[in-house]
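Student: As input, take entry.cif (mmCIF, C-alpha atoms):
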data_work
loop_
_atom_site.label_atom_id
_atom_site.label_comp_id
_atom_site.auth_asym_id
_atom_site.auth_seq_id
_atom_site.Cartn_x
_atom_site.Cartn_y
_atom_site.Cartn_z
CA MET A 149 112.96 131.70 33.30
CA SER A 150 111.80 130.68 29.85
CA LEU A 151 108.16 130.46 28.86
CA VAL A 152 108.45 126.66 28.52
CA ALA A 153 109.81 126.32 32.06
CA LYS A 154 107.07 128.57 33.44
CA ALA A 155 104.42 126.56 31.60
CA MET A 156 105.79 123.31 32.96
CA ARG A 157 105.70 124.68 36.53
CA SER A 158 102.07 125.78 36.24
CA GLU A 159 99.17 123.59 37.34
CA VAL A 160 98.19 122.92 33.74
CA GLY A 161 101.76 121.99 32.86
CA LYS A 162 102.03 119.62 35.80
CA GLY A 163 98.76 117.98 34.80
CA LEU A 164 99.90 117.55 31.20
CA THR A 165 103.18 116.09 32.42
CA LEU A 166 101.31 113.50 34.47
CA ILE A 167 99.00 112.41 31.67
CA SER A 168 101.48 112.67 28.80
CA PRO A 169 102.77 109.06 29.05
CA THR A 170 99.21 107.73 29.05
CA LEU A 171 98.29 110.07 26.21
CA VAL A 172 101.24 108.96 24.08
CA TYR A 173 100.46 105.33 24.87
CA ALA A 174 96.81 105.80 23.83
CA LEU A 175 97.77 107.61 20.63
CA LEU A 176 100.25 104.93 19.59
CA LEU A 177 98.15 101.89 20.45
CA LEU A 178 94.61 103.18 19.88
CA ALA A 179 94.46 106.22 17.63
CA ALA A 180 97.23 105.27 15.20
CA PRO A 181 95.87 101.77 14.41
CA LEU A 182 92.35 103.17 14.02
CA VAL A 183 93.54 105.85 11.60
CA SER A 184 95.47 103.19 9.66
CA ILE A 185 92.35 101.03 9.36
CA VAL A 186 90.29 103.99 8.11
CA LEU A 187 92.93 104.89 5.50
CA LEU A 188 93.25 101.27 4.38
CA SER A 189 89.49 101.07 3.84
CA PHE A 190 89.72 103.69 1.07
CA TRP A 191 92.38 101.77 -0.86
CA THR A 192 92.18 98.66 -3.02
CA GLN A 193 94.27 95.52 -3.22
CA ASN A 194 95.44 93.90 -6.44
CA PHE A 195 96.75 90.45 -5.48
CA LEU A 196 99.71 91.26 -3.18
CA THR A 197 99.89 94.96 -4.02
CA ILE A 198 97.84 97.63 -2.26
CA GLU A 199 96.93 100.47 -4.59
CA ARG A 200 96.94 103.69 -2.59
CA VAL A 201 94.35 105.45 -4.73
CA PHE A 202 91.40 106.97 -2.90
CA THR A 203 88.14 105.17 -3.68
CA THR A 204 84.77 104.58 -2.06
CA GLY A 205 84.16 101.39 -3.99
CA ASN A 206 84.72 99.22 -0.94
CA TYR A 207 82.00 101.02 1.00
CA ALA A 208 79.59 100.86 -1.95
CA GLU A 209 80.14 97.11 -2.24
CA ALA A 210 79.86 96.53 1.50
CA LEU A 211 76.57 98.45 1.73
CA THR A 212 74.97 96.85 -1.33
CA ASP A 213 76.11 93.23 -0.99
CA PRO A 214 73.31 91.19 0.66
CA LEU A 215 75.84 88.87 2.33
CA TYR A 216 77.54 91.66 4.28
CA ARG A 217 74.20 93.17 5.30
CA GLU A 218 72.92 89.81 6.52
CA LEU A 219 76.07 89.16 8.56
CA MET A 220 75.92 92.62 10.13
CA LEU A 221 72.24 92.27 10.99
CA ARG A 222 72.86 88.79 12.37
CA SER A 223 75.69 90.12 14.51
CA LEU A 224 73.41 92.83 15.90
CA ARG A 225 70.63 90.32 16.56
CA ILE A 226 72.92 87.87 18.34
CA SER A 227 74.56 90.62 20.40
CA GLY A 228 71.17 92.06 21.27
CA MET A 229 69.90 88.69 22.47
CA VAL A 230 73.09 88.08 24.41
CA THR A 231 72.82 91.50 26.06
CA LEU A 232 69.14 91.04 26.93
CA LEU A 233 69.70 87.54 28.34
CA THR A 234 72.85 88.47 30.25
CA VAL A 235 71.47 91.63 31.86
CA ALA A 236 68.13 89.96 32.67
CA LEU A 237 69.94 87.15 34.51
CA ALA A 238 72.61 89.39 36.03
CA PHE A 239 70.24 91.85 37.69
CA PRO A 240 68.64 89.32 40.12
CA VAL A 241 72.08 88.03 41.07
CA ALA A 242 73.42 91.52 41.73
CA TYR A 243 70.22 92.47 43.57
CA TYR A 244 70.45 89.41 45.82
CA ILE A 245 74.09 90.07 46.67
CA SER A 246 73.47 93.75 47.38
CA PHE A 247 70.27 93.47 49.42
CA HIS A 248 70.16 89.97 50.88
CA VAL A 249 73.77 88.94 51.54
CA ARG A 250 75.42 89.97 54.79
CA PRO A 251 78.05 92.71 54.34
CA ASP A 252 80.85 90.44 55.52
CA ARG A 253 79.90 87.82 52.89
CA LYS A 254 79.61 90.09 49.86
CA SER A 255 83.33 89.91 49.08
CA LEU A 256 83.11 86.12 49.00
CA TRP A 257 80.20 86.22 46.57
CA LEU A 258 82.02 88.65 44.28
CA PHE A 259 85.07 86.42 44.47
CA LEU A 260 82.98 83.44 43.36
CA ILE A 261 81.55 85.44 40.45
CA THR A 262 85.04 86.15 39.13
CA ILE A 263 86.09 82.47 39.19
CA PRO A 264 85.33 82.02 35.43
CA PHE A 265 88.10 84.53 34.71
CA TRP A 266 90.61 82.08 36.15
CA THR A 267 90.40 79.94 33.02
CA SER A 268 91.10 80.88 29.42
CA TYR A 269 88.20 82.23 27.39
CA LEU A 270 89.08 79.74 24.66
CA ILE A 271 88.86 76.82 27.10
CA ARG A 272 85.42 77.96 28.26
CA VAL A 273 84.17 78.10 24.67
CA PHE A 274 85.52 74.60 24.03
CA LEU A 275 83.74 73.37 27.16
CA TRP A 276 80.43 74.74 25.92
CA ARG A 277 81.10 73.01 22.62
CA VAL A 278 81.38 69.73 24.53
CA ILE A 279 78.36 70.45 26.75
CA LEU A 280 76.07 71.29 23.81
CA ALA A 281 77.37 68.53 21.53
CA TYR A 282 75.08 65.96 19.91
CA ASP A 283 76.28 63.35 22.42
CA GLY A 284 77.07 65.86 25.19
CA PRO A 285 75.75 66.01 28.73
CA VAL A 286 72.73 68.18 27.88
CA ASN A 287 71.33 65.79 25.29
CA SER A 288 72.35 62.72 27.29
CA GLY A 289 70.70 64.07 30.45
CA LEU A 290 67.45 65.01 28.70
CA MET A 291 67.27 61.61 27.04
CA ALA A 292 68.01 59.85 30.34
CA VAL A 293 65.05 61.49 32.09
CA GLY A 294 62.78 60.87 29.11
CA LEU A 295 62.15 64.49 28.08
CA ILE A 296 63.38 63.90 24.52
CA ASP A 297 63.59 60.82 22.30
CA GLU A 298 66.55 61.94 20.19
CA PRO A 299 69.34 64.50 20.67
CA LEU A 300 68.52 68.14 20.06
CA SER A 301 70.20 69.49 16.95
CA TRP A 302 69.37 73.19 17.44
CA ILE A 303 71.61 73.84 20.45
CA LEU A 304 74.97 73.62 18.65
CA TYR A 305 76.49 75.05 15.46
CA ASN A 306 73.94 77.83 15.12
CA ALA A 307 73.07 81.22 16.59
CA ASN A 308 71.54 79.64 19.70
CA ALA A 309 74.88 78.14 20.72
CA VAL A 310 76.60 81.49 20.20
CA VAL A 311 74.04 83.26 22.41
CA ILE A 312 74.35 80.69 25.21
CA THR A 313 78.15 80.71 25.17
CA LEU A 314 78.51 84.48 25.04
CA ALA A 315 75.88 85.00 27.75
CA HIS A 316 77.87 82.76 30.09
CA ALA A 317 81.19 84.37 29.19
CA PHE A 318 80.00 87.95 29.76
CA ALA A 319 77.82 87.35 32.81
CA PRO A 320 80.40 88.71 35.32
CA PHE A 321 80.79 91.87 33.21
CA ALA A 322 77.07 92.53 33.68
CA ILE A 323 76.79 91.54 37.34
CA LEU A 324 79.57 93.76 38.66
CA PRO A 325 78.45 97.19 37.34
CA ILE A 326 74.84 96.51 38.36
CA PHE A 327 76.03 95.48 41.83
CA VAL A 328 78.07 98.67 42.20
CA SER A 329 75.06 100.77 41.17
CA LEU A 330 72.81 98.97 43.65
CA GLU A 331 75.34 99.38 46.45
CA LYS A 332 75.28 103.17 45.98
CA ILE A 333 71.54 103.38 46.64
CA ASP A 334 70.75 105.08 49.94
CA ARG A 335 68.73 102.54 51.92
CA SER A 336 66.90 105.35 53.71
CA LEU A 337 65.15 106.15 50.43
CA LEU A 338 63.70 102.65 50.35
CA GLU A 339 62.58 102.97 53.96
CA ALA A 340 60.95 106.31 53.18
CA SER A 341 59.07 104.74 50.29
CA ARG A 342 57.77 101.96 52.51
CA ASP A 343 56.80 104.46 55.23
CA LEU A 344 54.76 106.37 52.65
CA GLY A 345 52.72 103.26 51.95
CA GLU A 346 54.37 101.87 48.83
CA SER A 347 54.56 98.09 48.44
CA LYS A 348 57.82 96.27 47.84
CA ALA A 349 57.06 95.93 44.14
CA MET A 350 56.25 99.62 43.71
CA THR A 351 59.29 100.62 45.74
CA PHE A 352 61.40 98.56 43.38
CA LEU A 353 59.83 100.14 40.28
CA ARG A 354 59.79 103.72 41.55
CA VAL A 355 63.01 103.88 43.58
CA THR A 356 65.39 100.93 43.19
CA LEU A 357 65.20 100.39 39.44
CA PRO A 358 65.59 104.08 38.44
CA LEU A 359 68.59 104.51 40.76
CA ALA A 360 70.16 101.29 39.42
CA MET A 361 69.60 102.20 35.77
CA PRO A 362 73.11 103.70 35.23
CA GLY A 363 74.59 100.35 36.24
CA VAL A 364 72.21 98.53 33.92
CA LEU A 365 73.18 100.84 31.07
CA ALA A 366 76.87 100.25 31.81
CA ALA A 367 76.27 96.49 31.74
CA VAL A 368 74.50 96.81 28.38
CA LEU A 369 77.42 98.73 26.88
CA ILE A 370 80.05 96.38 28.33
CA VAL A 371 78.27 93.31 26.95
CA PHE A 372 76.91 94.58 23.64
CA ILE A 373 80.00 96.24 22.19
CA PRO A 374 82.47 93.32 22.53
CA THR A 375 79.99 90.63 21.50
CA VAL A 376 79.26 92.30 18.15
CA GLY A 377 82.88 91.84 17.17
CA ASP A 378 83.46 88.43 18.78
CA TYR A 379 85.28 86.02 16.49
CA VAL A 380 86.22 82.93 18.54
CA THR A 381 82.76 81.89 19.74
CA PRO A 382 81.00 81.96 16.34
CA ARG A 383 83.96 80.14 14.81
CA LEU A 384 83.89 77.29 17.36
CA VAL A 385 80.20 76.83 18.19
CA GLY A 386 78.30 78.90 15.61
CA GLY A 387 78.62 76.92 12.42
CA SER A 388 77.28 78.46 9.22
CA GLY A 389 74.14 79.73 10.96
CA GLY A 390 76.10 81.54 13.65
CA THR A 391 78.71 83.28 11.53
CA MET A 392 79.12 86.95 12.45
CA ILE A 393 80.72 90.00 10.87
CA ALA A 394 84.06 89.43 12.63
CA ASN A 395 84.40 86.07 10.88
CA MET A 396 83.89 87.76 7.52
CA ILE A 397 86.49 90.41 8.39
CA TYR A 398 88.97 87.62 9.20
CA ALA A 399 88.11 85.84 5.96
CA GLN A 400 88.61 89.00 3.89
CA ILE A 401 92.01 89.74 5.42
CA PHE A 402 93.56 86.27 5.73
CA ASP A 403 91.65 83.94 3.42
CA LEU A 404 90.72 86.21 0.50
CA ASN A 405 93.76 88.48 0.86
CA ASP A 406 91.62 91.63 0.59
CA ARG A 407 92.74 93.79 3.49
CA PRO A 408 91.02 96.99 2.31
CA MET A 409 87.65 95.24 2.24
CA GLY A 410 88.31 93.78 5.68
CA ALA A 411 89.15 97.26 6.95
CA THR A 412 85.99 98.62 5.32
CA LEU A 413 83.82 96.06 7.08
CA ALA A 414 85.55 96.84 10.38
CA VAL A 415 84.94 100.58 10.01
CA LEU A 416 81.32 100.06 9.02
CA ALA A 417 80.81 97.70 11.95
CA MET A 418 82.13 100.33 14.37
CA MET A 419 79.94 103.04 12.85
CA ILE A 420 76.81 100.88 12.86
CA VAL A 421 77.38 99.77 16.46
CA ALA A 422 77.83 103.41 17.53
CA MET A 423 74.63 104.45 15.74
CA VAL A 424 72.66 101.53 17.17
CA LEU A 425 73.82 102.36 20.69
CA LEU A 426 73.02 106.04 20.22
CA TRP A 427 69.59 105.17 18.91
CA GLY A 428 68.99 102.65 21.69
CA ILE A 429 70.01 105.01 24.52
CA SER A 430 67.96 107.87 23.11
CA ARG A 431 64.89 105.71 22.68
CA LEU A 432 65.32 104.25 26.17
CA ARG A 433 65.42 107.76 27.59
CA PHE A 434 62.25 108.61 25.64
CA TRP A 435 60.42 105.46 26.79
CA LEU A 436 61.36 106.06 30.43
CA TRP A 437 60.28 109.70 30.12
CA LEU A 438 57.00 108.44 28.69
CA ALA A 439 56.63 106.04 31.63
CA ASP A 440 57.04 108.94 34.08
CA ARG A 441 54.52 111.05 32.15
CA ALA A 442 52.04 108.17 32.37
CA GLY A 443 52.31 108.15 36.16
CA GLY A 444 55.16 105.71 36.69
CA GLY A 445 54.75 102.35 38.38
CA VAL A 446 53.15 99.43 36.60
CA LYS A 447 50.92 101.63 34.44
CA GLY A 448 53.80 103.79 33.27
CA MET A 449 56.01 100.79 32.51
CA ALA A 450 53.15 99.18 30.55
CA VAL A 451 52.70 102.33 28.46
CA ALA A 452 56.45 102.57 27.82
CA LEU A 453 56.64 98.89 26.87
CA ALA A 454 53.73 99.24 24.46
CA ALA A 455 55.34 102.29 22.84
CA ALA A 456 58.67 100.49 22.57
CA LEU A 457 57.14 97.42 20.94
CA ALA A 458 55.15 99.53 18.48
CA GLU A 459 58.22 101.55 17.53
CA ILE A 460 60.39 98.45 17.10
CA VAL A 461 57.80 96.82 14.84
CA ALA A 462 57.46 100.00 12.77
CA LEU A 463 61.24 100.36 12.49
CA ARG A 464 61.61 96.75 11.40
CA ALA A 465 58.96 97.23 8.71
CA LEU A 466 60.71 100.42 7.59
CA PHE A 467 64.05 98.64 7.26
CA VAL A 468 62.40 95.83 5.29
CA LEU A 469 60.54 98.12 2.89
CA GLY A 470 62.98 101.04 2.75
CA PRO A 471 65.83 99.39 0.81
CA ALA A 472 63.35 97.92 -1.67
CA LEU A 473 61.83 101.35 -2.32
CA LEU A 474 64.98 103.46 -2.32
CA GLY A 475 67.54 100.96 -3.57
CA ALA A 476 69.66 98.74 -1.35
CA GLY A 477 72.67 101.00 -0.80
CA ALA A 478 70.83 104.32 -0.74
CA GLY A 479 68.02 102.89 1.37
CA VAL A 480 70.34 101.67 4.09
CA ILE A 481 72.26 104.94 4.19
CA VAL A 482 69.12 107.09 4.27
CA LEU A 483 67.49 105.01 7.01
CA LEU A 484 70.61 104.98 9.15
CA ALA A 485 71.02 108.74 8.73
CA LEU A 486 67.37 109.44 9.64
CA ALA A 487 67.45 107.12 12.65
CA THR A 488 70.70 108.64 13.91
CA ALA A 489 69.59 112.25 13.38
CA GLY A 490 66.27 111.68 15.12
CA SER A 491 67.96 109.91 18.00
CA ILE A 492 70.45 112.74 18.49
CA LEU A 493 67.66 115.33 18.63
CA ILE A 494 65.68 113.29 21.15
CA PHE A 495 68.80 112.56 23.20
CA LEU A 496 69.65 116.26 23.44
CA ARG A 497 66.14 117.57 24.15
CA LEU A 498 64.91 115.11 26.79
CA PRO A 499 66.21 115.56 30.34
CA LYS A 500 67.80 112.69 32.24
CA GLY A 501 65.15 112.75 34.91
CA ARG A 502 65.15 110.37 37.83
CA TRP A 503 66.42 107.43 35.76
CA GLY A 504 69.92 108.88 35.46
CA ILE A 505 70.39 108.26 31.71
#
Rewrite the coordinates I just gave you, this time as structure tokens.

Tutor:
Amino acid sequence: MSLVAKAMRSEVGKGLTLISPTLVYALLLLAAPLVSIVLLSFWTQNFLTIERVFTTGNYAEALTDPLYRELMLRSLRISGMVTLLTVALAFPVAYYISFHVRPDRKSLWLFLITIPFWTSYLIRVFLWRVILAYDGPVNSGLMAVGLIDEPLSWILYNANAVVITLAHAFAPFAILPIFVSLEKIDRSLLEASRDLGESKAMTFLRVTLPLAMPGVLAAVLIVFIPTVGDYVTPRLVGGSGGTMIANMIYAQIFDLNDRPMGATLAVLAMMIVAMVLLWGISRLRFWLWLADRAGGGVKGMAVALAAALAEIVALRALFVLGPALLGAGAGVIVLLALATAGSILIFLRLPKGRWGI
């Protein structure tokens, strides 16, 4: 029997045979397009001709142009607000279904949560455009009850409209992973906490929330990553104040006929999102570790929140002053490199602990 036949009959060979179709599929539809985008970002386009000469000029322009930086920062801000709003609203819903709905009714509630998926995402965005319009039901209802004298102009064609629409669209994606995480919690642990004299609030902070944190983290990732690159919602309800980086990528490729620059912006967006997530997860682990060191409970959460706010303010000041002191392009690169390196070190050194992240 040949070596190839023996290898195919082994356990490893059988496993590779089973996953090979999926692997080929992933390479063709995921890896190959990504490699093509990366290669295209190092080329230049002269009218209709792409010059296949290696250059980093696209990256230098993308990192130094204030317009691209503003769109990327706006995309991160909008996605961050959408993630915060969505997860904050999704957790009570998931908690109610998991702890207060009868077991035979939970399937019905989950079924109702998935109803928005029955309609097209585009139709839902158009509906929010109608709801938030100058003469839409929101403004008409508020004027009818006398809360406002004239229609609100800040709820459509700006970043606020994008946040509202995306938060509604991605709500089920946040509810479901949090619900699954809550369902896995052993109820005997909660009973033990109550038997030891803990109140309901402290039981939630010391037992329920830490055990549910992996689901919360999954919800954050599921919501944050797609919303950074969303194109349809900013285009339909965002206006000029809600334009995001995906709209600029589309404009570079189709309107300005500069595919290498569009590819460059796409690659940079992926890298920045990855670094932001790495930084965020590492800092979250540090803040939760700090909360445990401070004794946990309300006191520990207060200490962690104070440390988080202080660090965010300092980081914001650093990003405002850094580019001005070091130069726009160099400043951004240096700050991103320092933030990423520090986050990696903290992520590797701190243990997961009871929070599971």

Student: I'd like to see the residues matched by the PyMOL selection byres ((chain A and resi 242) around 10) on this file, and ideally I'd get them as an MDAnalysis selection string.

Tutor: chainID A and resid 237:241 243:248 257:258 320 322:331

Student: Limited to C-alpha atoms, could you put the picked residues into a file as a short mmCIF file (atom, residue, chain, number, x, y, z; two decimals), in the coordinates of the input?

Tutor:
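Final output, out_0.cif:
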data_model
loop_
_atom_site.label_atom_id
_atom_site.label_comp_id
_atom_site.auth_asym_id
_atom_site.auth_seq_id
_atom_site.Cartn_x
_atom_site.Cartn_y
_atom_site.Cartn_z
CA LEU A 237 69.94 87.15 34.51
CA ALA A 238 72.61 89.39 36.03
CA PHE A 239 70.24 91.85 37.69
CA PRO A 240 68.64 89.32 40.12
CA VAL A 241 72.08 88.03 41.07
CA TYR A 243 70.22 92.47 43.57
CA TYR A 244 70.45 89.41 45.82
CA ILE A 245 74.09 90.07 46.67
CA SER A 246 73.47 93.75 47.38
CA PHE A 247 70.27 93.47 49.42
CA HIS A 248 70.16 89.97 50.88
CA TRP A 257 80.20 86.22 46.57
CA LEU A 258 82.02 88.65 44.28
CA PRO A 320 80.40 88.71 35.32
CA ALA A 322 77.07 92.53 33.68
CA ILE A 323 76.79 91.54 37.34
CA LEU A 324 79.57 93.76 38.66
CA PRO A 325 78.45 97.19 37.34
CA ILE A 326 74.84 96.51 38.36
CA PHE A 327 76.03 95.48 41.83
CA VAL A 328 78.07 98.67 42.20
CA SER A 329 75.06 100.77 41.17
CA LEU A 330 72.81 98.97 43.65
CA GLU A 331 75.34 99.38 46.45
#

Student: Per residue of stretch 278-361 of chain A within 9 Å of stretch 383-394 of chain A, record the nearest atom pair and its distance in Å to one decimal, counting all atoms listed in the file, with rows in chain order and ascending residue number, as a Markdown table.

Tutor:
| residue | atom | partner | partner_atom | distance |
| --- | --- | --- | --- | --- |
| A:Leu280 | CA | A:Val385 | CA | 8.9 |
| A:Leu304 | CA | A:Val385 | CA | 6.2 |
| A:Tyr305 | CA | A:Gly387 | CA | 4.2 |
| A:Asn306 | CA | A:Gly386 | CA | 4.5 |
| A:Ala307 | CA | A:Gly390 | CA | 4.2 |
| A:Asn308 | CA | A:Gly390 | CA | 7.8 |
| A:Ala309 | CA | A:Val385 | CA | 6.0 |
| A:Val310 | CA | A:Gly386 | CA | 5.5 |
| A:Thr313 | CA | A:Val385 | CA | 8.2 |

Student: For this structure, which residues satisfy the selection - the PyMOL selection byres ((chain A and resi 452-456) around 12) - when it is evaluated on the file as given? I want them as a ChimeraX atom specification.

Tutor: /A:428,430-451,457-463

Student: Once the PyMOL selection byres ((chain A and resi 227) around 10) has been applied to the shown file, what residues remain in the selection, as a list in words?

Tutor: Leu221, Arg222, Ser223, Leu224, Arg225, Ile226, Gly228, Met229, Val230, Thr231, Leu232, Leu233, Val310, Val311, Leu314, Ala315, Val371, Phe372, Ile373, Pro374, Thr375, Val376, Gly377, Asp378 and Met392 of chain A

Student: Considering all atoms listed in the file, can you say which of A:Ala210, A:Leu215, A:Leu171, A:Ala340 comes closest to A:Ser189?

Tutor: A:Ala210

Student: Between atom CA of A:Ala236 and atom CA of A:Ala360, what is the distance, to one decimal in Å?

Tutor: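 Taking atom CA of A:Ala236 as the start and atom CA of A:Ala360 as the end point, the length is 13.3 Å.
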
Student: Show me as a ChimeraX atom specification the residues that reach within 12 Å of (98.9, 92.9, -4.1), counting all atoms listed in the file and using the file's own coordinates.

Tutor: /A:191-200,404-408

Student: Please compute the atom CA of A:Asp283-atom CA of A:Ile271 distance, one decimal, in Å.

Tutor: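 Atom-to-atom, atom CA of A:Asp283 to atom CA of A:Ile271, that is 19.0 Å.
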
Student: At a cut-off of 12 Å, using only C-alpha atoms, what residues contact A:Met409? Leave out same-chain residues fewer than 3 positions from it and give the result as a PyMOL selection string.

Tutor: chain A and resi 185-194+198+203-211+216+396-402+404-406+412-416

Student: Can you work out the spacing between atom CA of A:Glu298 and atom CA of A:Val380 in Å, to one decimal?

Tutor: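 Value for the atom CA of A:Glu298-atom CA of A:Val380 distance: 28.8 Å.
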
Student: Axis-aligned box over every listed atom of stretch 212-226 of chain A, padded by 3 Å per side: centre and edges in Å to one decimal, as JSON?

Tutor:
{"center_x": 74.1, "center_y": 92.4, "center_z": 8.5, "size_x": 12.9, "size_y": 15.0, "size_z": 25.7}

Student: Out of A:Ala317, A:Leu300, A:Leu256, A:Val235, which residue has the shortest atom-to-atom distance to A:Leu270 when counting all atoms listed in the file?

Tutor: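 Under the stated criterion, the closest residue is A:Ala317.
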